[in-house]
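Asks: My questions all concern the structure below.
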Amino acid sequence: MRRKLVNLFFVFSFFHFFILSFSHSFILAQPAPIGPLPLPKQVEWQKMETYAFVHYGLNTFTDKEWGYGDADPKTFNPSRMDVEQWVRTFRQAGMKGVIIVAKHHDGFAMWPSQLTEYNITKSAYNGPKNRDGKVDVLAELRKACDKYGLKMGIYLSPWDRNHAEYGRQAYVDYYHRQLTDLVTNYGPLFEVWLDGANGGDGYYGGARETRTIDHRNYYDYPRIHSIIEEHQPQAVIFSDGGPGCRWVGNERGEAGTTNWAFIRKNDVYPGYDKFQELGSGHINGDAWVAAECDVSIRPGWFYHPDEDAKVKTPEQLADLYYKSVGRNATFLLNFPVDREGRVNAIDSANAVRFRQMIEEDMKTDLLRKAKVTASSERGRKFSARKLNDGKWDTYWATPDGENTGAVTFSFGKPTKVNRLLLQEYIPLGQRVKAFTVEALVGDKWQMVEAGEPTTTIGYKRILRFPTIEASAVRISVTDARGPLCINNIGAYFANR
Ligand code: FUL
């Protein structure tokens with residue numbers, strides 16, 4: 001009996017060993033990451049895809065884009081302000097968060113800052129009070145974001161045309177204290193926005209002169225980053241050069257068709273002169289700093305009554321979605337809150353309709369039920385079936401040494417298609433450099449012309465093309481930085 005038990009034990013251990021090494025061979029087969037890599041918070045940020053921007057302040061009432069820094073705070077006088085209305089609108093427009101301009105270049109603080117008199121408590125605004133009995137637009141926004149499940153972010157302009165010490169060290173200290181105030185008093189922030197603008201002249205406490213600063217060194221960015229990282233480790237820091245995310249190099253809302261999530265971090269700084277490069281990033285970059293497309297729903301960032309007829313249409317917004325989210329960037333859509341203190345009815349209607357349009361465009365993924373085959377697979381765990389299983393963190397991968405590969409999806413019958421969506425599994429890096437799309441029409445394979453170069457994919461790439469009736473589609477990656485790791489491919493028929 002005892003011998004039998006011992007034998008059984010050996011047999012069991014033997015099998016155990018085999019099972020373990022077998023399963024290990026699957027587990028170990030994950031492709032090696034290829035840097036630069038995103039931090040988990042950068043991946044979470046990119047998954048937000050679309051979020052709102054709010055420009056609201058003295059400029060709204062003085063009809064300016066860049067206040068000089070001398071406007072009377074009493075000018076700020078909304079008649080029917082309703083922060084919840086903003087956030088409800090954003091939610092209906094599918095926005096996952098909102099970044100508010102806490103202070104624009106004019107230096108006016110939208111919260112009861114104790115560091116300057118030039119703040120909201122000195123305005124004519126008589127809205128809800130914070131814990132200290134003061135009006136506080138940021139506290140109102142925090143509350144509304146929590147109520148409607150949106151994330152909150154802040155914009156704090158480094159340039160300050162009101163401050164007497166601007167250009168000297170005392171202002172830098174002030175700016176750091178102002179930032180500390182914001183990152184410690186308004187709950188978790190998903191993004192902190194540091195713009196690179198600096199026009200030189202300003203009120204500067206009455207001096208009314210031009211002051212120039214050294215863009216690279218004046219603000220002490222390392223200190224700014226450490227203040228944010230200490231209190232808001234989850235926040236992604238925006239500037240021309242990141243470190244969390246980067247400006248896309250234009251304010252039209254368009255990313256480059258080739259768009260790497262990398263930059264050479266020592267080259268780029270806020271106010272970078274070769275900002276045109278930011279639309280495509282640097283293929284040989286050493287830091288993961290994906291692009292964000294900031295654009296206003298109106299021509300200006302702030303509200304101007306004469307722009308009521310110039311609000312971007314739902315069609316134009318949808319086009320920008322494809323040119324931003326559909327090109328490996330995020331879409332930061334600005335809403336110039338109006339003089340009543342609301343997202344204007346035209347803006348709100350167009351933004352909500354835009355979201356419906358995108359949802360209708362990509363309502364049914366035609367590949368979910370298609371049969372998929374691949375030129376090669378890296379074992380069962382990384383089979384081509386992972387491309388249309390609806391899961392974000394399973395992916396198709398090719399074996400080491402294979403930096404090209406093709407997948408074919410067969411519909412079984414001719415099917416109308418005009419959109420294709422691709423996603424790389426970015427926690428392991430961005431790899432694809434070039435790909436092609438073909439469709440089987442009748443018994444002939446023909447190239448699908450998306451009207452733009454099919455180079456990078458990254459987190460998400462969406463192609464639009466004239467409707468074809470295909471019985472199969474084939475995607476071939478023709479060049480990449482390493483073995484392929486693609487987690488999702490979808491195809492749609494947008495009926496508009
Ligand atoms: C720029 C600013 O100069 C504009 O006024 C606006 O705030 C835009 C989003 O960033 O740097």
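Ordering of the structure tokens sets the chain letters (A, B, ...); residue numbers start at 1 within each chain; ligands are numbered from 1 in the order shown.
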Ligand 1: which residues are within 10 Å, counting only C-alpha atoms and all ligand atoms, as a PyMOL selection string?

Replies: chain A and resi 53-55+64-67+101+103-106+155-159+193-199+239-240+247+251+270-271+294-296+300-302+332-334

Asks: Hey, what's within 12 Å of Thr62 of chain A if we count only C-alpha atoms and toss same-chain stuff fewer than 2 positions away? As a VMD selection string, please?

Replies: chain A and resid 56 to 60 64 to 77 106 302 to 305 338 to 339

Asks: Among segment 273-403 of chain A, which ones does DSSP assign to strand (DSSP E) (computed from the backbone)? Answer as a list in words.

Replies: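 Answer for segment 273-403 of chain A restricted to strand (DSSP E) is Ala287, Trp288, Ala290, Ala291, Glu292, Cys293, Asp294, Val295, Ser296, Ala329, Thr330, Phe331, Leu332, Leu333, Asn334, Phe335, Pro336, Lys371, Val372, Thr373, Ala374, Trp396 and Ala397 of chain A.
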
Asks: Segment 406-418 of chain A: which residues within 8 Å, counting only C-alpha atoms, same-chain residues fewer than 5 positions away excluded, as number ranges by chain?

Replies: A: 366-367, 369-376, 384, 441, 464-477, 491-494

Asks: Could you pull the residues within 12 Å of Asn350 of chain A, counting only C-alpha atoms, minus those fewer than 5 positions along the same chain, as number ranges by chain?

Replies: A: 89-90, 92-93, 297-298, 310-318, 335, 343-345, 355-357

Asks: Could you turn the residues from that selection into a file that holds C-alpha atoms, as a PDB file, in the first residue's frame?

Replies:
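Below is the file out-v5.pdb, written as the result:
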```pdb
ATOM      1  CA  THR A  89     -23.991  68.312 -21.396  1.00  0.00           C
ATOM      2  CA  PHE A  90     -20.473  66.886 -21.470  1.00  0.00           C
ATOM      3  CA  GLN A  92     -24.378  63.423 -22.939  1.00  0.00           C
ATOM      4  CA  ALA A  93     -21.695  64.281 -25.469  1.00  0.00           C
ATOM      5  CA  ILE A 297     -16.167  74.006 -30.798  1.00  0.00           C
ATOM      6  CA  ARG A 298     -16.159  77.668 -31.908  1.00  0.00           C
ATOM      7  CA  LYS A 310     -19.851  79.643 -36.269  1.00  0.00           C
ATOM      8  CA  VAL A 311     -20.267  76.648 -33.982  1.00  0.00           C
ATOM      9  CA  LYS A 312     -18.798  73.483 -35.477  1.00  0.00           C
ATOM     10  CA  THR A 313     -21.496  71.210 -36.835  1.00  0.00           C
ATOM     11  CA  PRO A 314     -21.966  67.618 -35.642  1.00  0.00           C
ATOM     12  CA  GLU A 315     -20.466  66.485 -38.979  1.00  0.00           C
ATOM     13  CA  GLN A 316     -17.384  68.656 -38.469  1.00  0.00           C
ATOM     14  CA  LEU A 317     -16.953  67.362 -34.918  1.00  0.00           C
ATOM     15  CA  ALA A 318     -17.289  63.771 -36.100  1.00  0.00           C
ATOM     16  CA  PHE A 335     -16.702  74.659 -24.781  1.00  0.00           C
ATOM     17  CA  VAL A 343     -22.776  75.800 -22.290  1.00  0.00           C
ATOM     18  CA  ASN A 344     -24.602  77.580 -25.071  1.00  0.00           C
ATOM     19  CA  ALA A 345     -27.606  75.718 -26.496  1.00  0.00           C
ATOM     20  CA  ARG A 355     -21.648  61.702 -30.145  1.00  0.00           C
ATOM     21  CA  GLN A 356     -24.775  60.020 -31.482  1.00  0.00           C
ATOM     22  CA  MET A 357     -23.267  60.133 -34.956  1.00  0.00           C
TER      23      MET A 357
END
```

Asks: Nearest to Gln30 of chain A among A:Tyr219, A:Phe435, A:Phe61, A:Trp396, with distances taken over only C-alpha atoms: which residue is it?

Replies: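 Closest to Gln30 of chain A, using only C-alpha atoms: A:Trp396.
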
Asks: Identify, on the basis of only C-alpha atoms, every residue whose closest approach to segment 168-180 of chain A does not exceed 7 Å; exclude the query and any residue fewer than 2 positions from it along the same chain; express the result as a list of chain:residue names.

Replies: A:Glu165, A:Tyr166, A:Leu182, A:Val183, A:Thr184, A:Tyr219, A:Ile224, A:Ile227

Asks: Any chance you could export the current selection's C-alpha atoms as an mmCIF file, in the first residue's frame?

Replies:
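Listing of part05.cif after writing:
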```cif
data_model
loop_
_atom_site.group_PDB
_atom_site.id
_atom_site.type_symbol
_atom_site.label_atom_id
_atom_site.label_comp_id
_atom_site.auth_asym_id
_atom_site.auth_seq_id
_atom_site.Cartn_x
_atom_site.Cartn_y
_atom_site.Cartn_z
ATOM 1 C CA GLU A 165 6.384 90.135 -10.214
ATOM 2 C CA TYR A 166 5.951 88.305 -13.506
ATOM 3 C CA LEU A 182 -5.010 73.572 -6.670
ATOM 4 C CA VAL A 183 -3.493 70.094 -6.471
ATOM 5 C CA THR A 184 -4.249 69.804 -2.759
ATOM 6 C CA TYR A 219 9.210 78.376 -14.535
ATOM 7 C CA ILE A 224 6.297 71.996 -11.103
ATOM 8 C CA ILE A 227 4.579 69.281 -6.978
#
```

Asks: Which residue gives the smallest distance to Thr116 of chain A among A:Ile263, A:Ile213, A:Ala164, A:Val325, with only C-alpha atoms counted?

Replies: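 Nearest to Thr116 of chain A: A:Ala164.
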
Asks: Near Gly341 of chain A, counting only C-alpha atoms, which residues have an atom at most 7 Å away, once you skip same-chain residues fewer than 6 positions from it, shown as a PyMOL selection string?

Replies: chain A and resi 78-82

Asks: Where does DSSP see alpha helix (DSSP H) in segment 132-378 of chain A, if you list the residues as an NGL selection string?

Replies: :A and (137-148 or 169-185 or 221-231 or 314-324 or 345-361)
